[in-house]
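Here's model14.cif, which has mmCIF, C-alpha atoms and all ligand atoms:
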```
data_run
loop_
_atom_site.label_atom_id
_atom_site.label_comp_id
_atom_site.auth_asym_id
_atom_site.auth_seq_id
_atom_site.Cartn_x
_atom_site.Cartn_y
_atom_site.Cartn_z
CA MET A 1 -5.10 38.75 -121.34
CA GLY A 2 -2.90 38.28 -118.32
CA SER A 3 -0.38 35.50 -117.98
CA LEU A 4 -1.64 32.07 -118.82
CA ILE A 5 0.64 29.09 -118.49
CA MET A 6 -0.59 25.94 -120.19
CA GLY A 7 1.86 23.17 -119.53
CA ILE A 8 1.98 19.41 -119.44
CA SER A 9 1.94 19.61 -115.65
CA GLY A 10 -1.18 21.76 -115.41
CA VAL A 11 -2.71 25.09 -116.28
CA ARG A 12 -2.15 28.27 -114.32
CA GLY A 13 -3.58 31.75 -114.82
CA ILE A 14 -4.65 34.99 -113.18
CA VAL A 15 -8.25 35.17 -112.06
CA GLY A 16 -10.18 38.00 -113.71
CA GLU A 17 -7.70 38.03 -116.58
CA SER A 18 -6.58 34.82 -118.22
CA LEU A 19 -8.21 32.14 -116.05
CA THR A 20 -11.73 32.54 -117.40
CA PRO A 21 -14.78 30.30 -116.97
CA GLU A 22 -14.77 29.60 -120.72
CA LEU A 23 -11.24 28.28 -120.54
CA LEU A 24 -11.98 26.28 -117.40
CA VAL A 25 -15.10 24.64 -118.86
CA ARG A 26 -13.06 23.54 -121.88
CA LEU A 27 -10.33 22.18 -119.64
CA GLY A 28 -13.00 20.27 -117.71
CA MET A 29 -14.27 18.89 -121.03
CA ALA A 30 -10.75 17.92 -122.10
CA PHE A 31 -10.09 16.07 -118.85
CA GLY A 32 -13.56 14.48 -118.91
CA THR A 33 -12.73 13.20 -122.39
CA TRP A 34 -9.31 11.99 -121.26
CA VAL A 35 -10.89 9.89 -118.47
CA GLU A 36 -13.51 8.70 -120.99
CA GLY A 37 -16.40 10.00 -118.94
CA GLY A 38 -15.30 8.21 -115.75
CA ARG A 39 -15.48 9.36 -112.15
CA VAL A 40 -13.42 12.45 -111.26
CA VAL A 41 -12.56 13.64 -107.75
CA VAL A 42 -12.12 17.41 -107.35
CA GLY A 43 -10.55 19.30 -104.44
CA MET A 44 -9.38 22.87 -103.90
CA ASP A 45 -7.31 25.07 -101.65
CA THR A 46 -8.69 28.08 -99.73
CA ARG A 47 -8.29 30.71 -102.46
CA ALA A 48 -11.38 32.89 -102.84
CA SER A 49 -11.46 32.09 -106.58
CA GLY A 50 -11.85 28.36 -105.85
CA GLU A 51 -15.66 28.35 -106.11
CA MET A 52 -15.71 30.03 -109.52
CA VAL A 53 -13.03 27.71 -110.84
CA LYS A 54 -14.68 24.63 -109.35
CA HIS A 55 -18.12 25.23 -110.82
CA SER A 56 -16.68 25.94 -114.25
CA VAL A 57 -14.70 22.71 -114.16
CA PHE A 58 -17.74 20.78 -112.90
CA ALA A 59 -19.78 21.94 -115.91
CA GLY A 60 -17.09 20.71 -118.30
CA LEU A 61 -16.73 17.35 -116.58
CA LEU A 62 -20.51 16.78 -116.32
CA SER A 63 -21.00 17.57 -120.01
CA CYS A 64 -18.76 14.60 -120.82
CA GLY A 65 -20.90 12.27 -118.70
CA CYS A 66 -18.44 12.19 -115.79
CA GLU A 67 -19.58 11.48 -112.26
CA VAL A 68 -18.02 14.16 -110.06
CA THR A 69 -16.99 13.73 -106.43
CA ASP A 70 -16.37 16.98 -104.57
CA VAL A 71 -13.99 16.59 -101.61
CA GLY A 72 -14.09 20.33 -100.90
CA ILE A 73 -11.16 22.22 -99.40
CA CYS A 74 -8.25 19.86 -98.77
CA PRO A 75 -4.50 19.58 -99.28
CA THR A 76 -3.24 18.31 -102.63
CA PRO A 77 -2.00 15.04 -101.06
CA THR A 78 -5.46 14.44 -99.52
CA LEU A 79 -7.03 14.77 -102.98
CA SER A 80 -4.49 12.32 -104.41
CA ILE A 81 -5.30 9.76 -101.76
CA ALA A 82 -9.04 10.18 -102.33
CA VAL A 83 -8.63 9.50 -106.07
CA ARG A 84 -7.00 6.20 -105.23
CA THR A 85 -9.25 5.10 -102.36
CA LEU A 86 -12.45 5.96 -104.26
CA GLY A 87 -11.24 4.06 -107.32
CA ALA A 88 -11.81 7.13 -109.50
CA SER A 89 -10.58 7.55 -113.07
CA GLY A 90 -8.77 10.76 -112.22
CA GLY A 91 -8.61 13.87 -110.09
CA ILE A 92 -8.32 17.62 -110.39
CA MET A 93 -6.80 19.84 -107.72
CA ILE A 94 -7.70 23.52 -107.89
CA SER A 95 -4.69 25.31 -106.42
CA ALA A 96 -1.93 27.58 -107.58
CA SER A 97 0.12 26.18 -104.69
CA HIS A 98 2.79 28.66 -103.57
CA ASN A 99 1.93 31.26 -106.23
CA PRO A 100 0.46 34.60 -105.13
CA ILE A 101 -3.22 34.97 -104.33
CA GLU A 102 -4.36 36.32 -107.70
CA TRP A 103 -3.36 33.08 -109.39
CA ASN A 104 -5.24 29.83 -109.53
CA ALA A 105 -4.52 26.61 -111.36
CA LEU A 106 -5.65 23.11 -112.23
CA LYS A 107 -3.45 20.08 -111.59
CA PHE A 108 -4.46 16.75 -113.07
CA PHE A 109 -4.12 13.30 -111.55
CA GLY A 110 -4.47 9.83 -113.07
CA PRO A 111 -6.33 6.88 -111.49
CA ASP A 112 -3.30 6.07 -109.31
CA GLY A 113 -3.58 9.49 -107.64
CA VAL A 114 -0.25 10.57 -109.18
CA TYR A 115 0.16 13.68 -111.38
CA LEU A 116 -0.12 13.07 -115.11
CA ASP A 117 3.30 12.46 -116.62
CA ALA A 118 4.64 14.30 -119.67
CA ASP A 119 3.03 11.93 -122.19
CA GLU A 120 -0.32 11.99 -120.44
CA GLY A 121 -0.16 15.76 -120.06
CA ARG A 122 0.52 16.09 -123.78
CA GLN A 123 -2.46 13.81 -124.59
CA LEU A 124 -4.66 16.05 -122.46
CA LEU A 125 -3.43 19.23 -124.19
CA ASP A 126 -3.95 17.59 -127.59
CA ILE A 127 -7.58 16.86 -126.66
CA TYR A 128 -7.95 20.43 -125.42
CA TYR A 129 -6.59 22.02 -128.60
CA GLN A 130 -8.41 19.65 -130.97
CA GLY A 131 -11.67 20.33 -129.15
CA ASP A 132 -13.23 16.98 -130.01
CA PHE A 133 -14.83 16.42 -126.61
CA LEU A 134 -17.07 13.66 -125.35
CA LYS A 135 -20.67 14.85 -125.22
CA ALA A 136 -23.21 13.11 -123.03
CA HIS A 137 -26.88 13.28 -123.94
CA TRP A 138 -29.51 14.37 -121.43
CA ASP A 139 -30.06 10.83 -120.19
CA GLY A 140 -26.33 10.17 -119.86
CA LEU A 141 -25.56 13.07 -117.52
CA LYS A 142 -24.46 12.22 -114.00
CA SER A 143 -24.31 14.28 -110.83
CA VAL A 144 -21.96 15.90 -108.33
CA SER A 145 -21.76 14.35 -104.88
CA ASP A 146 -19.91 15.52 -101.79
CA TYR A 147 -17.43 13.26 -100.03
CA ASP A 148 -16.14 14.34 -96.63
CA GLY A 149 -14.13 11.24 -95.72
CA ALA A 150 -10.90 12.23 -97.50
CA PRO A 151 -9.12 14.00 -94.60
CA GLU A 152 -9.83 11.14 -92.18
CA GLU A 153 -8.42 8.59 -94.63
CA HIS A 154 -5.29 10.73 -95.04
CA VAL A 155 -4.77 11.17 -91.28
CA ARG A 156 -5.29 7.44 -90.74
CA LEU A 157 -2.59 6.57 -93.30
CA VAL A 158 -0.11 9.01 -91.73
CA LEU A 159 -0.77 7.73 -88.19
CA ALA A 160 -0.31 4.14 -89.39
CA ALA A 161 3.10 4.97 -90.88
CA VAL A 162 4.68 6.22 -87.63
CA ASP A 163 4.91 5.15 -83.99
CA ALA A 164 2.11 7.45 -82.83
CA ASP A 165 2.40 6.28 -79.20
CA ALA A 166 6.07 7.24 -79.04
CA ILE A 167 5.22 10.71 -80.37
CA ARG A 168 2.25 11.14 -77.98
CA ALA A 169 4.43 10.21 -75.01
CA ARG A 170 6.63 13.26 -75.66
CA ARG A 171 3.73 15.74 -75.63
CA PHE A 172 5.52 18.03 -78.10
CA ARG A 173 4.71 21.69 -78.35
CA VAL A 174 4.48 22.55 -82.04
CA ALA A 175 4.29 26.01 -83.65
CA LEU A 176 2.26 25.92 -86.85
CA ASP A 177 1.89 28.29 -89.84
CA CYS A 178 -0.60 27.00 -92.42
CA CYS A 179 -0.50 30.19 -94.51
CA ASN A 180 -4.32 30.31 -94.11
CA GLY A 181 -4.35 27.49 -96.63
CA ALA A 182 -5.83 24.05 -97.21
CA GLY A 183 -3.80 22.44 -94.44
CA VAL A 184 -5.43 24.30 -91.54
CA GLU A 185 -8.00 21.77 -90.33
CA ILE A 186 -6.42 18.46 -91.21
CA THR A 187 -3.02 19.46 -89.85
CA GLN A 188 -4.38 20.52 -86.46
CA GLU A 189 -6.38 17.27 -86.37
CA LEU A 190 -3.27 15.21 -87.09
CA LEU A 191 -1.11 17.04 -84.54
CA ALA A 192 -3.83 16.76 -81.88
CA ARG A 193 -4.02 13.02 -82.46
CA LEU A 194 -0.26 12.88 -82.06
CA GLY A 195 -0.69 14.40 -78.61
CA CYS A 196 0.88 17.73 -79.55
CA GLU A 197 0.11 21.07 -77.99
CA ILE A 198 -0.34 23.41 -80.96
CA VAL A 199 0.46 27.12 -81.09
CA THR A 200 -0.84 28.61 -84.32
CA ILE A 201 -0.31 31.52 -86.63
CA ASN A 202 -2.08 32.01 -89.97
CA CYS A 203 -4.49 29.15 -89.32
CA THR A 204 -7.71 30.80 -90.57
CA PRO A 205 -8.66 28.92 -93.76
CA ASP A 206 -9.86 31.97 -95.65
CA GLY A 207 -7.20 32.00 -98.34
CA MET A 208 -6.01 35.48 -97.39
CA PHE A 209 -2.32 34.71 -97.50
CA PRO A 210 -0.53 36.64 -94.74
CA HIS A 211 2.78 36.54 -96.56
CA ASN A 212 4.10 35.47 -99.93
CA PRO A 213 3.10 31.78 -99.79
CA GLU A 214 6.43 30.40 -100.97
CA PRO A 215 7.81 28.75 -97.80
CA THR A 216 11.23 30.34 -97.91
CA PHE A 217 13.14 32.23 -95.23
CA VAL A 218 11.99 35.79 -95.94
CA ASN A 219 8.35 34.69 -95.80
CA LEU A 220 8.62 32.75 -92.56
CA ARG A 221 9.89 35.28 -90.03
CA ASP A 222 6.66 35.15 -88.01
CA ILE A 223 6.69 31.39 -87.53
CA CYS A 224 10.37 31.55 -86.56
CA ARG A 225 9.55 34.18 -83.91
CA LEU A 226 6.54 32.21 -82.68
CA THR A 227 8.54 29.00 -82.35
CA ARG A 228 11.07 30.76 -80.15
CA LYS A 229 8.58 32.77 -78.11
CA ALA A 230 6.28 29.81 -77.45
CA GLU A 231 9.30 27.66 -76.56
CA ALA A 232 8.04 25.08 -79.02
CA HIS A 233 10.03 21.92 -79.75
CA VAL A 234 9.67 22.58 -83.46
CA GLY A 235 7.94 24.92 -85.91
CA PHE A 236 6.20 23.83 -89.12
CA ALA A 237 5.17 25.97 -92.10
CA GLN A 238 3.12 24.75 -95.04
CA ASP A 239 2.42 26.21 -98.44
CA PRO A 240 -1.27 26.89 -99.36
CA ASP A 241 -1.98 23.39 -100.72
CA ALA A 242 0.04 21.69 -97.98
CA ASP A 243 2.28 19.51 -100.08
CA ARG A 244 5.47 21.31 -98.99
CA LEU A 245 6.84 21.78 -95.49
CA ALA A 246 9.50 24.02 -94.00
CA VAL A 247 10.86 23.19 -90.56
CA VAL A 248 11.92 25.69 -87.88
CA ALA A 249 14.37 24.61 -85.17
CA GLU A 250 13.60 24.93 -81.46
CA ASP A 251 15.58 28.18 -81.16
CA GLY A 252 13.49 29.79 -83.89
CA SER A 253 16.10 29.45 -86.61
CA TYR A 254 14.97 28.59 -90.12
CA ILE A 255 16.99 25.57 -91.22
CA GLY A 256 15.99 25.77 -94.87
CA GLU A 257 13.44 23.92 -96.96
CA GLU A 258 16.12 21.61 -98.30
CA MET A 259 16.53 20.17 -94.80
CA THR A 260 12.97 18.82 -94.62
CA LEU A 261 13.72 15.94 -96.97
CA ALA A 262 17.17 15.40 -95.42
CA LEU A 263 15.56 14.92 -91.99
CA ALA A 264 12.83 12.64 -93.34
CA ALA A 265 15.32 10.51 -95.30
CA ASP A 266 17.72 10.28 -92.37
CA HIS A 267 14.92 9.01 -90.18
CA VAL A 268 13.24 6.60 -92.62
CA LEU A 269 16.53 5.02 -93.76
CA ASP A 270 17.32 4.14 -90.15
CA GLU A 271 14.84 1.31 -90.41
CA ARG A 272 14.05 0.82 -94.08
CA LYS A 273 16.93 0.78 -96.54
CA GLY A 274 16.67 1.50 -100.23
CA PRO A 275 17.52 4.10 -102.84
CA VAL A 276 16.40 7.68 -102.25
CA VAL A 277 14.88 9.36 -105.31
CA ILE A 278 15.32 13.14 -105.68
CA ASN A 279 15.35 15.58 -108.58
CA LEU A 280 18.41 17.06 -110.24
CA SER A 281 18.09 20.37 -108.35
CA THR A 282 17.86 18.89 -104.83
CA SER A 283 20.60 19.54 -102.26
CA LYS A 284 23.53 17.15 -101.97
CA THR A 285 22.82 17.01 -98.22
CA VAL A 286 20.18 14.38 -99.00
CA GLU A 287 22.76 12.34 -100.95
CA ASP A 288 25.19 12.56 -98.01
CA VAL A 289 22.52 11.56 -95.50
CA ALA A 290 21.56 8.56 -97.64
CA ALA A 291 25.21 7.54 -98.05
CA ALA A 292 25.66 7.64 -94.27
CA HIS A 293 22.96 4.93 -94.11
CA GLY A 294 24.69 2.93 -96.85
CA CYS A 295 22.00 3.89 -99.36
CA GLY A 296 22.29 5.31 -102.86
CA THR A 297 20.54 8.26 -104.42
CA VAL A 298 18.86 8.35 -107.81
CA ARG A 299 18.31 11.74 -109.46
CA VAL A 300 15.49 12.33 -111.93
CA PRO A 301 14.26 15.28 -114.02
CA VAL A 302 12.43 18.05 -112.16
CA GLY A 303 8.69 17.38 -111.75
CA GLU A 304 7.04 15.54 -108.91
CA VAL A 305 5.65 12.80 -111.16
CA ASN A 306 9.19 11.85 -112.22
CA VAL A 307 10.12 11.22 -108.58
CA SER A 308 6.88 9.33 -107.90
CA ARG A 309 7.22 7.03 -110.90
CA ARG A 310 10.89 6.22 -110.26
CA MET A 311 10.20 5.53 -106.59
CA ALA A 312 7.54 3.00 -107.60
CA GLU A 313 9.91 1.32 -110.08
CA LEU A 314 12.73 1.04 -107.55
CA GLY A 315 10.66 0.30 -104.46
CA SER A 316 12.26 3.38 -102.88
CA PRO A 317 11.34 3.93 -99.20
CA ILE A 318 11.65 7.74 -99.31
CA GLY A 319 12.11 10.50 -101.85
CA GLY A 320 10.95 13.93 -102.86
CA GLU A 321 12.13 17.38 -103.76
CA GLY A 322 14.42 19.85 -102.05
CA ASN A 323 11.62 22.41 -101.88
CA GLY A 324 10.23 20.78 -98.74
CA GLY A 325 8.43 18.02 -100.62
CA VAL A 326 8.63 14.65 -98.88
CA ILE A 327 7.24 11.49 -100.50
CA ASP A 328 6.65 8.40 -98.36
CA PRO A 329 5.04 5.61 -100.42
CA ARG A 330 3.38 4.12 -97.33
CA VAL A 331 0.99 7.09 -97.45
CA HIS A 332 1.02 7.76 -101.18
CA LEU A 333 3.36 8.60 -104.04
CA GLY A 334 3.20 12.38 -103.82
CA ARG A 335 4.62 15.24 -101.77
CA ASP A 336 2.88 15.46 -98.43
CA SER A 337 3.56 17.93 -95.60
CA LEU A 338 1.58 15.80 -93.11
CA ILE A 339 3.75 12.70 -93.35
CA ALA A 340 6.77 15.00 -93.36
CA MET A 341 5.69 16.47 -89.99
CA ALA A 342 4.92 13.06 -88.53
CA LEU A 343 8.36 11.74 -89.59
CA VAL A 344 10.15 14.73 -88.05
CA LEU A 345 8.20 14.31 -84.79
CA GLU A 346 8.90 10.58 -84.73
CA MET A 347 12.59 11.31 -85.28
CA LEU A 348 12.63 13.77 -82.36
CA ALA A 349 10.74 11.29 -80.16
CA LYS A 350 12.97 8.32 -80.89
CA SER A 351 16.33 10.10 -80.96
CA GLY A 352 15.70 12.35 -77.97
CA ARG A 353 17.54 15.07 -79.89
CA THR A 354 16.37 18.46 -81.13
CA VAL A 355 16.06 19.60 -84.75
CA GLY A 356 19.00 21.98 -84.20
CA GLU A 357 21.21 19.20 -82.85
CA ILE A 358 20.35 16.82 -85.69
CA VAL A 359 20.89 19.36 -88.45
CA ALA A 360 24.20 20.50 -86.94
CA GLY A 361 25.50 17.01 -87.75
CA TYR A 362 24.75 17.32 -91.48
CA PRO A 363 27.21 18.59 -94.07
CA ARG A 364 26.08 22.10 -95.00
CA TYR A 365 25.97 23.48 -98.50
CA HIS A 366 25.00 26.79 -99.96
CA ILE A 367 22.60 26.99 -102.86
CA VAL A 368 22.62 29.91 -105.27
CA LYS A 369 19.76 30.30 -107.76
CA ASP A 370 19.75 32.46 -110.84
CA LYS A 371 17.85 32.71 -114.12
CA LEU A 372 18.12 34.01 -117.66
CA GLN A 373 15.39 35.05 -120.10
CA ALA A 374 15.12 32.86 -123.20
CA THR A 375 12.40 31.14 -125.19
CA ARG A 376 12.26 27.42 -124.57
CA ALA A 377 13.47 26.41 -128.04
CA ARG A 378 16.56 28.65 -127.80
CA ALA A 379 17.15 27.65 -124.20
CA VAL A 380 17.15 23.96 -125.10
CA ARG A 381 19.68 24.51 -127.89
CA ALA A 382 21.93 26.70 -125.74
CA VAL A 383 21.96 24.18 -122.89
CA ARG A 384 22.83 21.43 -125.35
CA LYS A 385 25.83 23.48 -126.49
CA LEU A 386 26.77 24.10 -122.89
CA ALA A 387 26.83 20.34 -122.28
CA GLU A 388 29.23 19.96 -125.23
CA GLU A 389 31.45 22.75 -123.92
CA TYR A 390 31.64 21.07 -120.52
CA SER A 391 31.94 17.53 -121.89
CA GLY A 392 34.90 16.92 -119.57
CA ALA A 393 32.72 17.33 -116.47
CA LEU A 394 30.59 14.60 -114.96
CA GLN A 395 27.15 15.38 -116.34
CA ASP A 396 23.52 14.31 -116.49
CA THR A 397 21.53 15.65 -119.44
CA SER A 398 18.14 14.08 -118.71
CA ASP A 399 16.68 17.52 -117.87
CA GLY A 400 18.80 20.42 -119.13
CA ALA A 401 22.33 19.70 -117.93
CA ARG A 402 23.64 19.02 -114.44
CA PHE A 403 27.38 19.14 -113.89
CA VAL A 404 29.23 17.74 -110.90
CA PHE A 405 32.50 19.41 -109.92
CA GLY A 406 33.78 17.43 -106.93
CA ASP A 407 31.59 18.34 -103.96
CA ALA A 408 29.83 21.10 -105.92
CA TRP A 409 27.26 20.92 -108.71
CA VAL A 410 25.36 23.16 -111.08
CA HIS A 411 22.03 22.42 -112.74
CA VAL A 412 21.10 24.46 -115.80
CA ARG A 413 17.62 23.80 -117.15
CA PRO A 414 15.09 25.42 -119.46
CA SER A 415 11.86 25.90 -117.48
CA ASN A 416 8.84 23.90 -118.67
CA THR A 417 6.43 26.68 -117.77
CA GLU A 418 8.21 30.00 -118.30
CA PRO A 419 10.57 31.43 -120.95
CA ILE A 420 13.59 31.21 -118.67
CA VAL A 421 16.68 29.12 -118.05
CA ARG A 422 17.10 28.25 -114.38
CA ILE A 423 20.56 27.94 -112.89
CA VAL A 424 21.02 26.27 -109.51
CA ALA A 425 24.50 25.88 -108.02
CA GLU A 426 25.46 24.26 -104.74
CA ALA A 427 28.83 24.13 -103.00
CA PRO A 428 30.16 23.83 -99.44
CA ASP A 429 30.90 27.55 -99.40
CA LYS A 430 28.82 30.44 -100.65
CA GLU A 431 31.54 32.08 -102.76
CA ARG A 432 32.17 28.91 -104.75
CA ALA A 433 28.44 28.37 -105.32
CA ALA A 434 28.10 31.97 -106.48
CA SER A 435 31.11 31.83 -108.78
CA LEU A 436 29.97 28.54 -110.34
CA ALA A 437 26.48 29.95 -110.93
CA GLU A 438 28.04 33.05 -112.51
CA GLU A 439 30.43 31.04 -114.69
CA LEU A 440 27.62 28.88 -116.05
CA ARG A 441 25.30 31.87 -116.47
CA LEU A 442 27.88 33.62 -118.62
CA ALA A 443 28.48 30.45 -120.62
CA VAL A 444 24.75 30.00 -121.29
CA SER A 445 24.30 33.63 -122.35
CA ARG A 446 27.21 33.22 -124.74
CA HIS A 447 25.52 30.16 -126.32
CA LEU A 448 22.16 31.96 -126.38
CA GLU A 449 23.69 34.56 -128.69
CA THR A 450 24.66 31.94 -131.27
CA VAL A 451 21.57 29.72 -131.34
MG MG A 501 2.28 23.29 -103.09
#
```

Let me see whether you can do it: turn the structure in this file into structure tokens.
Amino acid sequence: MGSLIMGISGVRGIVGESLTPELLVRLGMAFGTWVEGGRVVVGMDTRASGEMVKHSVFAGLLSCGCEVTDVGICPTPTLSIAVRTLGASGGIMISASHNPIEWNALKFFGPDGVYLDADEGRQLLDIYYQGDFLKAHWDGLKSVSDYDGAPEEHVRLVLAAVDADAIRARRFRVALDCCNGAGVEITQELLARLGCEIVTINCTPDGMFPHNPEPTFVNLRDICRLTRKAEAHVGFAQDPDADRLAVVAEDGSYIGEEMTLALAADHVLDERKGPVVINLSTSKTVEDVAAAHGCGTVRVPVGEVNVSRRMAELGSPIGGEGNGGVIDPRVHLGRDSLIAMALVLEMLAKSGRTVGEIVAGYPRYHIVKDKLQATRARAVRAVRKLAEEYSGALQDTSDGARFVFGDAWVHVRPSNTEPIVRIVAEAPDKERAASLAEELRLAVSRHLETV
């Protein structure tokens, strides 16, 4: 068996090893039982394994008496929106997101089109492990139907959230890298309707990822080069399921994934004030940008659903994650690269400035990431001890422990999906970020030896 990661936020495995049809049918049965045989919307990214995964999941869902709606290849946010607009009981997205091509995964959504939260995810796993699934008789079985209206609904919501005329008037030239993923068609449609001239790279939706799909600097050299060569106003790069976006400045420089949310928040808060919701590992730049608009920032545990839920509670106008995940509740409560692009373009149109000029005005920080091997149980105990050791520091222990040291911070958290402790440190200069990460790494390893 290859790696299989069964977590409360979804199930991920390697095709041809751990992600077998047997497992997938049972997961379909577990989810079909969780939605009590209701209607389930299913979408997938462009991975070649999508068909095998999809049909296995369909069999499980149908056996529970579920009606299945197949929206085909689409971004994760498009699937979320379809769950809501179709009034379904839940949704399943088949995508291993930014993970390499041999992986695939199932992500589960509730009737509101938002990821299952920790309690719901645990209920689903309990059903899976207990194996007491709903079983429909021959006359209670329903069918699978195709629905092709999901992308149009998504594009319509994005266009309604921005001043599309102002964007069209600028006739932007946009360089686009969709990583041959689920965003290819819908993104070009959106940009065309925003009057953009599009120059593409990796826009063949065949799931053959041209580079490691994680939208970080080393993987995005081609889009940076294209942006500069094509003299584009901006470059955009998506991950394979198009929920995350990285932005490239007009001179071809990669400004960092963390800047996507900073730009979106800066722009949205211009007109609509309210608290910004981000996770504990997101850059302080977002906090600073919000503060410049007189708005506060609320930090929540890592996991998109935690951001979504808190945004709904607080009526937050904008939020997301530092990994290029922007959430604008006018479209829906999940990360969405399409609204992120539209907001950046609207910002450029209305300000008359370039991405490079805007970002140059933001405080810059350096993030250093590190990790340590440890089982989750030991990691949790060690991080608890770490929090005691650093009890003098300003800290948040809602997800591991996050310490604030003046204008620097460190977040130490046991991963939910892998046997590791993640350490993220951010400071205005690289050396300080690195030394803080090192200090905390040593402290955690010391505690790991005694727990
Ligand atoms: Mg993704």

Problem - Protein and nucleic residues near ligand MG 501 (chain A), 12 Å, all atoms listed in the file, as an MDAnalysis selection string - result: chainID A and resid 44:45 74:77 93:100 104:105 107 178:179 181:183 213:215 237:246 304 321 323:326 334:337

I need the chosen residues saved as an mmCIF file, in the frame of the given file, with C-alpha atoms.
```
data_model
loop_
_atom_site.group_PDB
_atom_site.id
_atom_site.type_symbol
_atom_site.label_atom_id
_atom_site.label_comp_id
_atom_site.auth_asym_id
_atom_site.auth_seq_id
_atom_site.Cartn_x
_atom_site.Cartn_y
_atom_site.Cartn_z
ATOM 1 C CA MET A 44 -9.380 22.870 -103.900
ATOM 2 C CA ASP A 45 -7.310 25.070 -101.650
ATOM 3 C CA CYS A 74 -8.250 19.860 -98.770
ATOM 4 C CA PRO A 75 -4.500 19.580 -99.280
ATOM 5 C CA THR A 76 -3.240 18.310 -102.630
ATOM 6 C CA PRO A 77 -2.000 15.040 -101.060
ATOM 7 C CA MET A 93 -6.800 19.840 -107.720
ATOM 8 C CA ILE A 94 -7.700 23.520 -107.890
ATOM 9 C CA SER A 95 -4.690 25.310 -106.420
ATOM 10 C CA ALA A 96 -1.930 27.580 -107.580
ATOM 11 C CA SER A 97 0.120 26.180 -104.690
ATOM 12 C CA HIS A 98 2.790 28.660 -103.570
ATOM 13 C CA ASN A 99 1.930 31.260 -106.230
ATOM 14 C CA PRO A 100 0.460 34.600 -105.130
ATOM 15 C CA ASN A 104 -5.240 29.830 -109.530
ATOM 16 C CA ALA A 105 -4.520 26.610 -111.360
ATOM 17 C CA LYS A 107 -3.450 20.080 -111.590
ATOM 18 C CA CYS A 178 -0.600 27.000 -92.420
ATOM 19 C CA CYS A 179 -0.500 30.190 -94.510
ATOM 20 C CA GLY A 181 -4.350 27.490 -96.630
ATOM 21 C CA ALA A 182 -5.830 24.050 -97.210
ATOM 22 C CA GLY A 183 -3.800 22.440 -94.440
ATOM 23 C CA PRO A 213 3.100 31.780 -99.790
ATOM 24 C CA GLU A 214 6.430 30.400 -100.970
ATOM 25 C CA PRO A 215 7.810 28.750 -97.800
ATOM 26 C CA ALA A 237 5.170 25.970 -92.100
ATOM 27 C CA GLN A 238 3.120 24.750 -95.040
ATOM 28 C CA ASP A 239 2.420 26.210 -98.440
ATOM 29 C CA PRO A 240 -1.270 26.890 -99.360
ATOM 30 C CA ASP A 241 -1.980 23.390 -100.720
ATOM 31 C CA ALA A 242 0.040 21.690 -97.980
ATOM 32 C CA ASP A 243 2.280 19.510 -100.080
ATOM 33 C CA ARG A 244 5.470 21.310 -98.990
ATOM 34 C CA LEU A 245 6.840 21.780 -95.490
ATOM 35 C CA ALA A 246 9.500 24.020 -94.000
ATOM 36 C CA GLU A 304 7.040 15.540 -108.910
ATOM 37 C CA GLU A 321 12.130 17.380 -103.760
ATOM 38 C CA ASN A 323 11.620 22.410 -101.880
ATOM 39 C CA GLY A 324 10.230 20.780 -98.740
ATOM 40 C CA GLY A 325 8.430 18.020 -100.620
ATOM 41 C CA VAL A 326 8.630 14.650 -98.880
ATOM 42 C CA GLY A 334 3.200 12.380 -103.820
ATOM 43 C CA ARG A 335 4.620 15.240 -101.770
ATOM 44 C CA ASP A 336 2.880 15.460 -98.430
ATOM 45 C CA SER A 337 3.560 17.930 -95.600
#
```

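Considering the residues A:Ile339, A:Ile101, A:Leu124, A:Val344 and counting only C-alpha atoms, Val174 in chain A has its shortest atom-to-atom contact with A:Val344.
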
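Shortest atom-to-atom contact with Arg364 in chain A among A:Asp429, A:Asp112, A:Asp163, A:Glu36: A:Asp429, counting all atoms listed in the file.
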
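Nearest-residue note for Pro428 in chain A: choosing from A:Phe403, A:Tyr115, A:Trp138, A:Trp409, the minimum distance belongs to A:Trp409, counting all atoms listed in the file.
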
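Using all atoms listed in the file for every distance, the candidate list A:Gly356, A:Pro329, A:Pro317, A:Gly294 yields A:Gly356 as the residue closest to Ala249 in chain A.
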
Handout entry: For range 300-302 of chain A: contacts at 12 Å, all atoms listed in the file, fewer than 4 positions along chain excluded, given as number ranges by chain
Key = A: 9, 117-118, 276-282, 306-311, 319-323, 396-402, 411-417, 422

Completion exercise
Taken to one decimal, the CA of Glu250 in chain A-CA of Thr227 in chain A distance is 6.6 Å

Exercise for the section: Can you pull out every residue within 10 Å of range 368-380 of chain A, counting only C-alpha atoms, but drop anything in the same chain fewer than 3 positions away, and send it as an NGL selection string? Expected result: :A and (365 or 383-386 or 399-401 or 410-427 or 430-438 or 441-442 or 444-445 or 447-451)

Exercise for the section: For CA of Ala59 in chain A and CA of Pro151 in chain A, determine how far apart the two atoms are, in Å to one decimal place. Expected result: 25.1 Å
